[in-house]
Each structure stands twice: as structure tokens, then as C-alpha cells.
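Colleague: Pasting run08.cif below, which is mmCIF, C-alpha atoms.
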data_model
loop_
_atom_site.label_atom_id
_atom_site.label_comp_id
_atom_site.auth_asym_id
_atom_site.auth_seq_id
_atom_site.Cartn_x
_atom_site.Cartn_y
_atom_site.Cartn_z
CA MET A 1 -2.61 -29.03 8.51
CA ALA A 2 -4.45 -29.96 5.37
CA THR A 3 -2.84 -29.00 2.08
CA THR A 4 -5.95 -27.46 0.54
CA ASN A 5 -5.06 -24.84 -2.07
CA TRP A 6 -7.13 -22.10 -0.47
CA LEU A 7 -5.85 -19.25 -2.61
CA MET A 8 -5.30 -20.90 -6.01
CA SER A 9 -5.27 -18.28 -8.75
CA SER A 10 -3.87 -17.32 -12.09
CA PRO A 11 -0.81 -15.01 -12.06
CA THR A 12 -3.10 -11.98 -12.35
CA PRO A 13 -4.62 -9.98 -9.49
CA SER A 14 -8.08 -11.22 -8.48
CA VAL A 15 -10.85 -10.39 -6.05
CA PHE A 16 -13.61 -12.91 -5.32
CA LEU A 17 -16.67 -13.13 -3.07
CA HIS A 18 -17.85 -16.68 -2.39
CA PRO A 19 -21.28 -17.24 -0.78
CA SER A 20 -22.01 -20.24 1.41
CA GLY A 21 -22.08 -23.57 -0.39
CA SER A 22 -18.40 -24.35 -1.04
CA PRO A 23 -16.53 -26.61 1.41
CA ARG A 24 -15.18 -24.79 4.44
CA LEU A 25 -11.42 -24.44 4.27
CA ALA A 26 -9.09 -25.48 7.06
CA PHE A 27 -8.04 -22.63 9.34
CA ALA A 28 -6.23 -22.46 12.64
CA SER A 29 -8.54 -22.18 15.64
CA ARG A 30 -9.45 -18.64 16.69
CA LYS A 31 -10.68 -17.87 20.20
CA ASN A 32 -11.04 -14.96 22.61
CA GLN A 33 -11.45 -12.45 19.83
CA THR A 34 -11.57 -8.80 20.86
CA LEU A 35 -12.33 -5.58 19.04
CA VAL A 36 -9.29 -3.48 18.16
CA LYS A 37 -9.41 0.29 17.70
CA PRO A 38 -8.53 2.65 16.16
CA ARG A 39 -9.42 1.26 12.77
CA VAL A 40 -7.07 1.26 9.81
CA SER A 41 -8.56 3.46 7.12
CA PHE A 42 -8.02 4.28 3.47
CA LEU A 43 -10.69 6.98 3.52
CA THR A 44 -9.50 9.04 6.48
CA ASN A 45 -10.72 12.64 6.47
CA VAL A 46 -12.14 12.27 2.96
CA LYS A 47 -15.72 13.06 1.99
CA ARG A 48 -17.13 10.32 -0.17
CA ARG A 49 -18.39 11.57 -3.48
CA LEU A 50 -18.91 10.40 -7.01
CA PRO A 51 -15.68 10.83 -9.00
CA VAL A 52 -17.25 13.04 -11.68
CA VAL A 53 -15.31 15.90 -13.24
CA LEU A 54 -17.73 18.56 -14.45
CA SER A 55 -15.20 21.08 -15.67
CA MET A 56 -11.50 21.88 -15.72
CA THR A 57 -9.94 25.30 -15.58
CA ALA A 58 -7.11 26.32 -17.89
CA THR A 59 -4.72 26.20 -14.92
CA GLU A 60 -5.81 22.65 -14.06
CA GLU A 61 -5.56 21.56 -17.68
CA GLY A 62 -2.06 22.99 -17.89
CA ALA A 63 -1.06 21.21 -14.69
CA VAL A 64 -2.34 17.90 -16.04
CA LYS A 65 -0.33 18.32 -19.22
CA SER A 66 2.74 19.43 -17.28
CA VAL A 67 2.94 16.21 -15.29
CA LEU A 68 2.69 13.95 -18.29
CA PRO A 69 5.82 11.82 -18.89
CA GLY A 70 8.95 13.80 -19.68
CA ASN A 71 7.89 17.07 -18.06
CA GLY A 72 10.58 17.64 -15.48
CA ILE A 73 9.51 15.41 -12.58
CA SER A 74 12.38 13.79 -10.71
CA ILE A 75 12.13 11.00 -8.15
CA MET A 76 14.57 9.64 -5.61
CA VAL A 77 13.76 6.04 -4.72
CA ASN A 78 14.89 5.08 -1.24
CA GLY A 79 15.29 1.35 -0.88
CA CYS A 80 16.53 0.91 -4.44
CA THR A 81 18.45 -2.24 -3.52
CA GLY A 82 15.17 -4.03 -2.81
CA LYS A 83 12.93 -5.68 -5.38
CA MET A 84 10.10 -3.20 -4.84
CA GLY A 85 12.45 -0.23 -5.22
CA LYS A 86 13.82 -1.64 -8.45
CA ALA A 87 10.31 -2.31 -9.78
CA VAL A 88 9.34 1.34 -9.12
CA ILE A 89 12.45 2.61 -10.89
CA LYS A 90 11.65 0.51 -13.95
CA ALA A 91 8.02 1.70 -14.00
CA ALA A 92 9.05 5.34 -13.53
CA ASP A 93 11.66 5.08 -16.27
CA SER A 94 9.03 3.65 -18.65
CA ALA A 95 6.77 6.60 -17.78
CA GLY A 96 9.48 9.11 -18.66
CA VAL A 97 10.14 10.24 -15.09
CA ASN A 98 13.70 11.33 -14.29
CA ILE A 99 15.46 9.03 -11.80
CA VAL A 100 17.89 10.80 -9.47
CA PRO A 101 21.03 8.62 -9.12
CA THR A 102 20.91 8.82 -5.32
CA SER A 103 19.23 6.61 -2.75
CA PHE A 104 19.20 5.88 0.99
CA GLY A 105 19.91 2.45 2.43
CA SER A 106 21.22 0.75 5.53
CA ALA A 107 24.68 1.31 6.99
CA SER A 108 25.85 -1.95 5.41
CA GLU A 109 24.67 -0.77 1.97
CA ALA A 110 26.36 2.65 2.17
CA GLY A 111 28.72 3.26 -0.74
CA GLN A 112 27.18 0.62 -2.96
CA THR A 113 26.27 1.36 -6.58
CA VAL A 114 23.11 -0.24 -7.96
CA GLU A 115 22.42 -0.38 -11.69
CA VAL A 116 18.76 -0.28 -12.73
CA CYS A 117 17.52 0.53 -16.25
CA GLY A 118 21.05 1.46 -17.27
CA LYS A 119 21.32 4.01 -14.45
CA GLU A 120 23.94 3.79 -11.72
CA ILE A 121 22.47 4.78 -8.35
CA THR A 122 24.69 5.53 -5.35
CA VAL A 123 23.41 4.34 -1.98
CA HIS A 124 24.03 6.53 1.08
CA GLY A 125 23.89 5.36 4.68
CA PRO A 126 22.00 6.82 7.68
CA THR A 127 24.73 9.21 8.87
CA GLU A 128 24.67 11.51 5.82
CA ARG A 129 20.99 11.48 4.96
CA GLN A 130 19.98 15.07 5.74
CA GLU A 131 22.94 16.66 3.97
CA VAL A 132 22.48 14.47 0.89
CA LEU A 133 18.72 14.97 0.69
CA SER A 134 18.98 18.74 1.07
CA SER A 135 21.57 18.85 -1.71
CA VAL A 136 19.48 16.70 -4.06
CA PHE A 137 16.34 18.76 -3.35
CA GLU A 138 18.21 21.98 -4.10
CA LYS A 139 19.44 20.57 -7.41
CA HIS A 140 16.02 19.10 -8.31
CA PRO A 141 13.35 21.49 -6.95
CA GLU A 142 10.54 19.32 -8.36
CA LEU A 143 11.86 16.27 -6.53
CA ILE A 144 9.49 13.67 -5.09
CA VAL A 145 10.93 10.97 -2.84
CA VAL A 146 9.56 7.43 -3.05
CA ASP A 147 10.07 5.31 0.07
CA TYR A 148 10.22 1.51 -0.09
CA THR A 149 12.61 0.87 2.78
CA ILE A 150 11.85 -1.17 5.92
CA PRO A 151 9.22 -0.82 8.69
CA THR A 152 11.75 0.28 11.32
CA ALA A 153 12.87 3.18 9.11
CA VAL A 154 9.40 4.59 8.38
CA ASN A 155 9.23 7.17 11.17
CA ASP A 156 12.82 8.41 10.95
CA ASN A 157 12.54 8.76 7.19
CA ALA A 158 9.23 10.62 7.35
CA GLU A 159 10.64 13.02 9.96
CA LEU A 160 13.62 13.67 7.67
CA TYR A 161 11.42 14.35 4.63
CA SER A 162 9.28 16.66 6.77
CA LYS A 163 12.31 18.52 8.12
CA VAL A 164 13.77 19.09 4.65
CA GLY A 165 10.32 19.85 3.22
CA VAL A 166 10.51 17.41 0.33
CA PRO A 167 7.27 15.84 -0.99
CA PHE A 168 7.18 12.06 -0.78
CA VAL A 169 5.24 8.89 -1.54
CA MET A 170 5.40 6.35 1.30
CA GLY A 171 4.75 2.77 0.22
CA THR A 172 6.60 1.19 3.14
CA THR A 173 4.32 -0.48 5.68
CA GLY A 174 4.79 -0.71 9.43
CA GLY A 175 6.30 1.76 11.85
CA ASP A 176 4.22 3.86 14.21
CA ARG A 177 1.50 5.07 11.85
CA GLY A 178 0.10 7.53 14.37
CA LYS A 179 3.46 9.26 14.76
CA LEU A 180 3.96 9.10 10.99
CA TYR A 181 0.78 11.04 10.27
CA GLU A 182 1.37 13.43 13.15
CA ALA A 183 4.86 14.37 11.95
CA VAL A 184 3.80 14.93 8.33
CA GLU A 185 0.64 16.85 9.22
CA LYS A 186 2.66 19.14 11.52
CA ALA A 187 5.18 19.82 8.74
CA ARG A 188 2.39 20.60 6.23
CA ILE A 189 4.12 19.06 3.23
CA TYR A 190 2.80 17.19 0.22
CA ALA A 191 2.69 13.42 0.71
CA VAL A 192 0.90 10.30 -0.45
CA ILE A 193 0.89 7.66 2.27
CA SER A 194 -0.70 4.28 1.68
CA PRO A 195 0.05 0.74 2.85
CA GLN A 196 -1.42 -0.47 -0.44
CA MET A 197 -0.37 0.97 -3.80
CA GLY A 198 -2.20 -1.47 -6.07
CA LYS A 199 -4.99 0.62 -7.59
CA GLN A 200 -7.46 -2.21 -8.10
CA VAL A 201 -6.94 -3.55 -4.58
CA VAL A 202 -7.41 -0.02 -3.21
CA ALA A 203 -10.73 0.22 -5.08
CA PHE A 204 -11.81 -3.04 -3.40
CA LEU A 205 -10.78 -1.64 -0.02
CA ALA A 206 -12.75 1.54 -0.67
CA ALA A 207 -15.83 -0.55 -1.43
CA MET A 208 -15.29 -2.43 1.86
CA GLU A 209 -15.11 0.85 3.80
CA ILE A 210 -18.28 2.15 2.17
CA MET A 211 -20.06 -1.10 3.05
CA ALA A 212 -18.86 -0.82 6.65
CA GLU A 213 -20.11 2.76 6.87
CA GLN A 214 -23.46 2.06 5.20
CA PHE A 215 -24.23 -1.24 6.96
CA PRO A 216 -22.58 -1.21 10.42
CA GLY A 217 -23.18 -4.42 12.35
CA ALA A 218 -24.27 -6.39 9.28
CA PHE A 219 -22.00 -9.28 10.29
CA SER A 220 -22.53 -9.10 14.05
CA GLY A 221 -21.86 -12.45 15.66
CA TYR A 222 -19.90 -13.80 12.71
CA SER A 223 -16.45 -15.23 13.32
CA LEU A 224 -13.53 -14.19 11.11
CA GLU A 225 -10.44 -16.09 10.10
CA VAL A 226 -7.68 -14.44 8.06
CA MET A 227 -4.70 -15.88 6.23
CA GLU A 228 -2.19 -13.85 4.25
CA SER A 229 0.86 -15.06 2.34
CA HIS A 230 3.76 -12.84 1.27
CA GLN A 231 7.39 -13.37 0.34
CA ALA A 232 9.59 -14.37 3.29
CA SER A 233 11.31 -10.97 3.30
CA LYS A 234 8.08 -9.23 4.39
CA LEU A 235 8.50 -9.05 8.15
CA ASP A 236 5.23 -7.44 9.25
CA ALA A 237 1.56 -8.28 8.84
CA SER A 238 -0.05 -6.86 5.72
CA GLY A 239 -1.39 -3.32 6.02
CA THR A 240 -4.04 -4.29 3.48
CA ALA A 241 -5.21 -7.17 5.68
CA LYS A 242 -5.43 -4.82 8.66
CA ALA A 243 -7.50 -2.34 6.65
CA VAL A 244 -9.95 -5.05 5.55
CA ILE A 245 -10.17 -6.42 9.10
CA SER A 246 -10.97 -2.92 10.39
CA CYS A 247 -13.93 -2.85 8.00
CA PHE A 248 -15.13 -6.21 9.29
CA GLN A 249 -14.83 -4.87 12.84
CA ASP A 250 -17.11 -1.98 11.92
CA LEU A 251 -19.46 -4.53 10.37
CA GLY A 252 -19.77 -6.12 13.82
CA VAL A 253 -17.08 -8.82 13.76
CA SER A 254 -14.84 -9.25 16.81
CA TYR A 255 -11.23 -9.89 15.78
CA ASP A 256 -7.76 -9.16 17.13
CA MET A 257 -5.07 -8.15 14.62
CA ASP A 258 -2.65 -10.55 16.32
CA GLN A 259 -4.79 -13.45 15.08
CA ILE A 260 -3.82 -12.94 11.44
CA GLN A 261 -2.22 -16.16 10.21
CA LEU A 262 0.97 -15.23 8.36
CA ILE A 263 2.33 -17.68 5.79
CA ARG A 264 5.99 -17.02 5.05
CA ASP A 265 7.40 -20.51 4.46
CA PRO A 266 7.98 -21.02 0.69
CA LYS A 267 7.06 -24.71 0.83
CA GLU A 268 3.72 -23.97 2.50
CA GLN A 269 3.10 -21.14 0.06
CA VAL A 270 3.41 -23.47 -2.92
CA GLU A 271 1.78 -26.61 -1.50
CA MET A 272 -0.91 -25.16 0.77
CA VAL A 273 -1.58 -21.68 -0.58
CA GLY A 274 -1.10 -22.41 -4.27
CA VAL A 275 1.42 -19.66 -5.05
CA PRO A 276 3.16 -20.32 -8.39
CA GLU A 277 6.79 -21.19 -7.69
CA GLU A 278 8.06 -18.37 -9.90
CA HIS A 279 6.24 -15.86 -7.67
CA VAL A 280 7.24 -17.15 -4.23
CA SER A 281 9.71 -14.27 -3.98
CA GLY A 282 7.04 -11.67 -4.79
CA HIS A 283 3.33 -12.17 -4.12
CA ALA A 284 0.41 -11.15 -1.89
CA PHE A 285 -2.37 -13.70 -1.36
CA HIS A 286 -5.15 -12.87 1.10
CA LEU A 287 -8.19 -14.83 2.30
CA TYR A 288 -10.89 -13.64 4.72
CA HIS A 289 -13.39 -16.30 5.85
CA LEU A 290 -16.57 -15.32 7.71
CA THR A 291 -18.85 -17.85 9.43
CA SER A 292 -22.27 -17.27 10.98
CA PRO A 293 -22.82 -18.14 14.67
CA ASP A 294 -24.67 -21.37 13.77
CA GLU A 295 -22.14 -22.20 11.00
CA THR A 296 -24.85 -22.39 8.33
CA VAL A 297 -23.64 -19.37 6.35
CA SER A 298 -20.14 -18.44 5.23
CA PHE A 299 -18.53 -15.77 3.08
CA GLU A 300 -15.06 -15.59 1.60
CA PHE A 301 -13.24 -12.55 0.31
CA GLN A 302 -10.05 -13.26 -1.64
CA HIS A 303 -7.50 -11.19 -3.51
CA ASN A 304 -4.31 -12.62 -4.99
CA VAL A 305 -1.43 -10.71 -6.56
CA CYS A 306 1.62 -12.23 -8.24
CA GLY A 307 4.65 -10.01 -8.85
CA ARG A 308 5.13 -6.32 -8.06
CA SER A 309 4.05 -4.50 -11.22
CA ILE A 310 0.61 -3.57 -9.83
CA TYR A 311 2.28 -1.74 -6.92
CA ALA A 312 5.01 -0.14 -9.03
CA GLU A 313 2.52 1.26 -11.55
CA GLY A 314 0.31 2.55 -8.75
CA THR A 315 3.31 4.24 -7.13
CA VAL A 316 4.16 6.08 -10.35
CA ASP A 317 0.53 7.21 -10.61
CA ALA A 318 0.84 8.53 -7.04
CA VAL A 319 3.98 10.44 -8.02
CA LEU A 320 2.26 12.04 -11.03
CA PHE A 321 -0.78 12.85 -8.87
CA LEU A 322 1.40 14.54 -6.24
CA ALA A 323 3.31 16.50 -8.88
CA LYS A 324 0.03 17.82 -10.24
CA LYS A 325 -1.11 18.88 -6.76
CA ILE A 326 2.17 20.69 -6.18
CA ARG A 327 1.96 22.58 -9.50
CA LEU A 328 -1.66 23.53 -8.84
CA LYS A 329 -0.61 24.76 -5.38
CA ALA A 330 -3.28 22.54 -3.85
CA ASP A 331 -3.56 21.93 -0.11
CA GLN A 332 -0.27 20.80 1.39
CA ARG A 333 -1.45 17.72 3.22
CA ILE A 334 -1.40 13.95 3.32
CA TYR A 335 -3.18 12.29 0.39
CA ASN A 336 -3.84 8.59 -0.10
CA MET A 337 -4.49 6.20 -2.97
CA ILE A 338 -8.22 6.87 -2.80
CA ASP A 339 -7.39 10.47 -3.76
CA VAL A 340 -5.26 9.16 -6.62
CA LEU A 341 -8.11 6.94 -7.84
CA ARG A 342 -10.64 9.76 -7.62
CA GLU A 343 -8.45 12.04 -9.71
CA GLY A 344 -9.43 9.92 -12.69
CA ASN A 345 -6.34 10.63 -14.84
CA MET A 346 -4.29 7.51 -14.16
CA ARG A 347 -2.30 6.05 -17.00
#
Would you write the structure of this file as C-alpha cells?
Modeller:
Amino acid sequence: MATTNWLMSSPTPSVFLHPSGSPRLAFASRKNQTLVKPRVSFLTNVKRRLPVVLSMTATEEGAVKSVLPGNGISIMVNGCTGKMGKAVIKAADSAGVNIVPTSFGSASEAGQTVEVCGKEITVHGPTERQEVLSSVFEKHPELIVVDYTIPTAVNDNAELYSKVGVPFVMGTTGGDRGKLYEAVEKARIYAVISPQMGKQVVAFLAAMEIMAEQFPGAFSGYSLEVMESHQASKLDASGTAKAVISCFQDLGVSYDMDQIQLIRDPKEQVEMVGVPEEHVSGHAFHLYHLTSPDETVSFEFQHNVCGRSIYAEGTVDAVLFLAKKIRLKADQRIYNMIDVLREGNMR
């Protein structure tokens, strides 16, 4: 395979659209592409509208002020031994949110103590989860759980949060997403669920969904090739990539999710993808390449993220958003990062 740096970028998040004219990049061959449904969506059950606030009641204004840093919100970060969990704790601590010194982990992590931002957090294993969570929720009635665990734990964790009735923000990807939404909707609890917590990337995804809705079939007949590079510890395909691909499917492109080319080898990431060596352990580089049937026109969509701060900051915004909804006694339902963006009061 050629060693073209197809996702070269600076260490800051970026989104590009390249029209035809640049040399076509080397991709693995894609054949027998089929349409996959249901589509992955960031705008599910949400009416699109301009995010304009015309007025704010005294109750709403009070709720906004009450969720500002230092106003009693507590979070429990499950998966605190991981890099993403630690990044969220640091961001939450900087925002003045209280960090509960309790977390859930694997059986092998049970009993461990993790120190983050000067706080010692005790990790509990799977066997004592319900008892521990119920106790923590009773002690901290304004508790919001943040989940950055592993794909195989998504459904069990969501069922536990639903059973106890604790609001949560789910940033973990994977699992059975249908069962995830079904369990939370049945429990009627407050939750923010999103496979992508980076606010700017979510805005790009929202624009893609609007384009797919407004111009269905615009890319009919085009072929699609997708590459995504993440740290080796990410086991599943990117939820963001799947969401973008779903938009392309609605735009008329035939593509199977199994055709996503995953780059997880650090050497390939540096030499072929162009990931800075210092960010091999934490990055998200995506490239979507569209080619017309006669190969005379091509488009490229690209977004590159180095580090985890964009996701950690977005997660804290989701926590503050959910706390506001709870204090306003808003609908107890599943929200997403589009809802957080539309709220318009992010830090």
C-alpha cells in the first residue's frame, strides 16, 4: 500500500471538503456494496429548527444559573481507569463539578484506587454495582453518571442506570444500540446518549443529516470509500463514521458498514495516515472519498482530531445540559448532542 499521508493535519480538529482536482488517494478495493438500514442518526425524533432563543422565563433563568460551575452537581465517572474517563474527570474538575470518589470497572480492576486531579477514586467490580450505585445516588440526589467503559458493557450498564433511575451521559460506543434506546425509553429517565461528544464534529454531522434530508439521492451512483484511524485500544468501528455513512446512504450511495477500513497499527498511523507520534495513543482521523460512476468527479470529507479534550469538554457540557433539564423538570427522555448544541449555553 502506498504511504500517502491521506489525513495529514495540525494537532487541532479539522473538517475539510475537497472538490475534484486533487490526486485520488489510494484505497482498498470496494465491491458488492449494499445499502444498510436502519440508519445511524444524530437527529432522531428531533424537529429541525433555528436555534434562536426569543425569551427566557424566570424559572429557566434560575435553572441556567443553578447549573453553572460549583452549584451542587455531582458526577460519577465509570471507566475512570481509562484515558477518556480521566480526561472527563479533569474537565469536570476544571468546571467546578463535584467528582464522586466512586467508579465502576472490570472484575480485574475491582478494589483499585485511581488518583485523578488529587482525588482518590475507588473502583468497584460488576458484582456490587447496583448496591453501590443506589447508595451513591441516595447520598448525591443530583448525581449524573458518565459512562466511558467498553462496548460490551453498554447494555448492562444502561439497564442498571435505568433500574436505579439515575440520569446518565453515555459516551461509550458499541453495544446493541436498539436495546440501549429501548431500555432507557421504557425507564423514562434523563439521559444524553451520543457516539460523538465533540461539539464541532457533531455540528458537522448535523449539517450532513440536513443535506441528506434536503437532497436525497444527490450522490446516486457514486462509490464511497472510508478510512478511519483511532488508537489501538478502540476495538469497534467509529460511531461517527457510521453516522456519516448513513447520511451518504440517504444521499444515494450504496455502502456496507463492514467495508470501513480501520487503521489501528501505530506504524501505519504515523507513516500512512500522518498522525503525530505524540497522539498515536489518542486520536480520531476520518476520511470519506466519493467518486462519480465515470470517475471524473470526486469529493472528500475529512475530520481529524488529536487528543481527547474536545470529547471531554463536550461531555461536561452534556452533564450541565442534563442537570438543567432535570431542574426545569423537562421531559424525562433521551437527549443527544444536537440538543446540547441547540441549547446555546455551552461554555
Colleague: Of the residues A:Ala232, A:Leu251, A:Lys119, A:Val319, which is the one nearest to Val280 in chain A, using all atoms listed in the file?
Modeller: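 Among A:Ala232, A:Leu251, A:Lys119, A:Val319, it is A:Ala232 that comes nearest to Val280 in chain A.
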Colleague: Extract, using all atoms listed in the file, all DNA, RNA and protein residues at most 12 Å from Ala92 in chain A, discarding same-chain residues fewer than 5 positions from it, and format them as an mmCIF file with C-alpha atoms, in the coordinates of the input.
Modeller:
data_model
loop_
_atom_site.group_PDB
_atom_site.id
_atom_site.type_symbol
_atom_site.label_atom_id
_atom_site.label_comp_id
_atom_site.auth_asym_id
_atom_site.auth_seq_id
_atom_site.Cartn_x
_atom_site.Cartn_y
_atom_site.Cartn_z
ATOM 1 C CA LEU A 68 2.690 13.950 -18.290
ATOM 2 C CA PRO A 69 5.820 11.820 -18.890
ATOM 3 C CA GLY A 70 8.950 13.800 -19.680
ATOM 4 C CA ILE A 73 9.510 15.410 -12.580
ATOM 5 C CA SER A 74 12.380 13.790 -10.710
ATOM 6 C CA ILE A 75 12.130 11.000 -8.150
ATOM 7 C CA MET A 76 14.570 9.640 -5.610
ATOM 8 C CA VAL A 77 13.760 6.040 -4.720
ATOM 9 C CA GLY A 85 12.450 -0.230 -5.220
ATOM 10 C CA LYS A 86 13.820 -1.640 -8.450
ATOM 11 C CA ALA A 87 10.310 -2.310 -9.780
ATOM 12 C CA VAL A 97 10.140 10.240 -15.090
ATOM 13 C CA ASN A 98 13.700 11.330 -14.290
ATOM 14 C CA ILE A 99 15.460 9.030 -11.800
ATOM 15 C CA VAL A 100 17.890 10.800 -9.470
ATOM 16 C CA VAL A 116 18.760 -0.280 -12.730
ATOM 17 C CA CYS A 117 17.520 0.530 -16.250
ATOM 18 C CA ILE A 144 9.490 13.670 -5.090
ATOM 19 C CA VAL A 146 9.560 7.430 -3.050
ATOM 20 C CA SER A 309 4.050 -4.500 -11.220
ATOM 21 C CA TYR A 311 2.280 -1.740 -6.920
ATOM 22 C CA ALA A 312 5.010 -0.140 -9.030
ATOM 23 C CA GLU A 313 2.520 1.260 -11.550
ATOM 24 C CA GLY A 314 0.310 2.550 -8.750
ATOM 25 C CA THR A 315 3.310 4.240 -7.130
ATOM 26 C CA VAL A 316 4.160 6.080 -10.350
ATOM 27 C CA ASP A 317 0.530 7.210 -10.610
ATOM 28 C CA ALA A 318 0.840 8.530 -7.040
ATOM 29 C CA VAL A 319 3.980 10.440 -8.020
ATOM 30 C CA LEU A 320 2.260 12.040 -11.030
ATOM 31 C CA ARG A 347 -2.300 6.050 -17.000
#
Colleague: Using only C-alpha atoms for the distances, tell me which of A:Val297, A:Ile89, A:Leu262, A:Ala191 is nearest to Glu228 in chain A.
Modeller: A:Leu262
Colleague: Apply the PyMOL selection byres ((chain A and resi 257) around 8) to the structure shown and report the selected residues as a compact mmCIF listing (two decimals) with C-alpha atoms, in the coordinates of the input.
Modeller:
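Just written: result32.txt:
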# COMPACT_ATOMS: atom_id res chain seq x y z
CA VAL A 36 -9.29 -3.48 18.16
CA LYS A 242 -5.43 -4.82 8.66
CA ILE A 245 -10.17 -6.42 9.10
CA TYR A 255 -11.23 -9.89 15.78
CA ASP A 256 -7.76 -9.16 17.13
CA ASP A 258 -2.65 -10.55 16.32
CA GLN A 259 -4.79 -13.45 15.08
CA ILE A 260 -3.82 -12.94 11.44
Colleague: So what do you get for CA of Tyr190 in chain A versus CA of Gln332 in chain A, distance-wise?
Modeller: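 Straight-line distance from CA of Tyr190 in chain A to CA of Gln332 in chain A works out to 4.9 Å.
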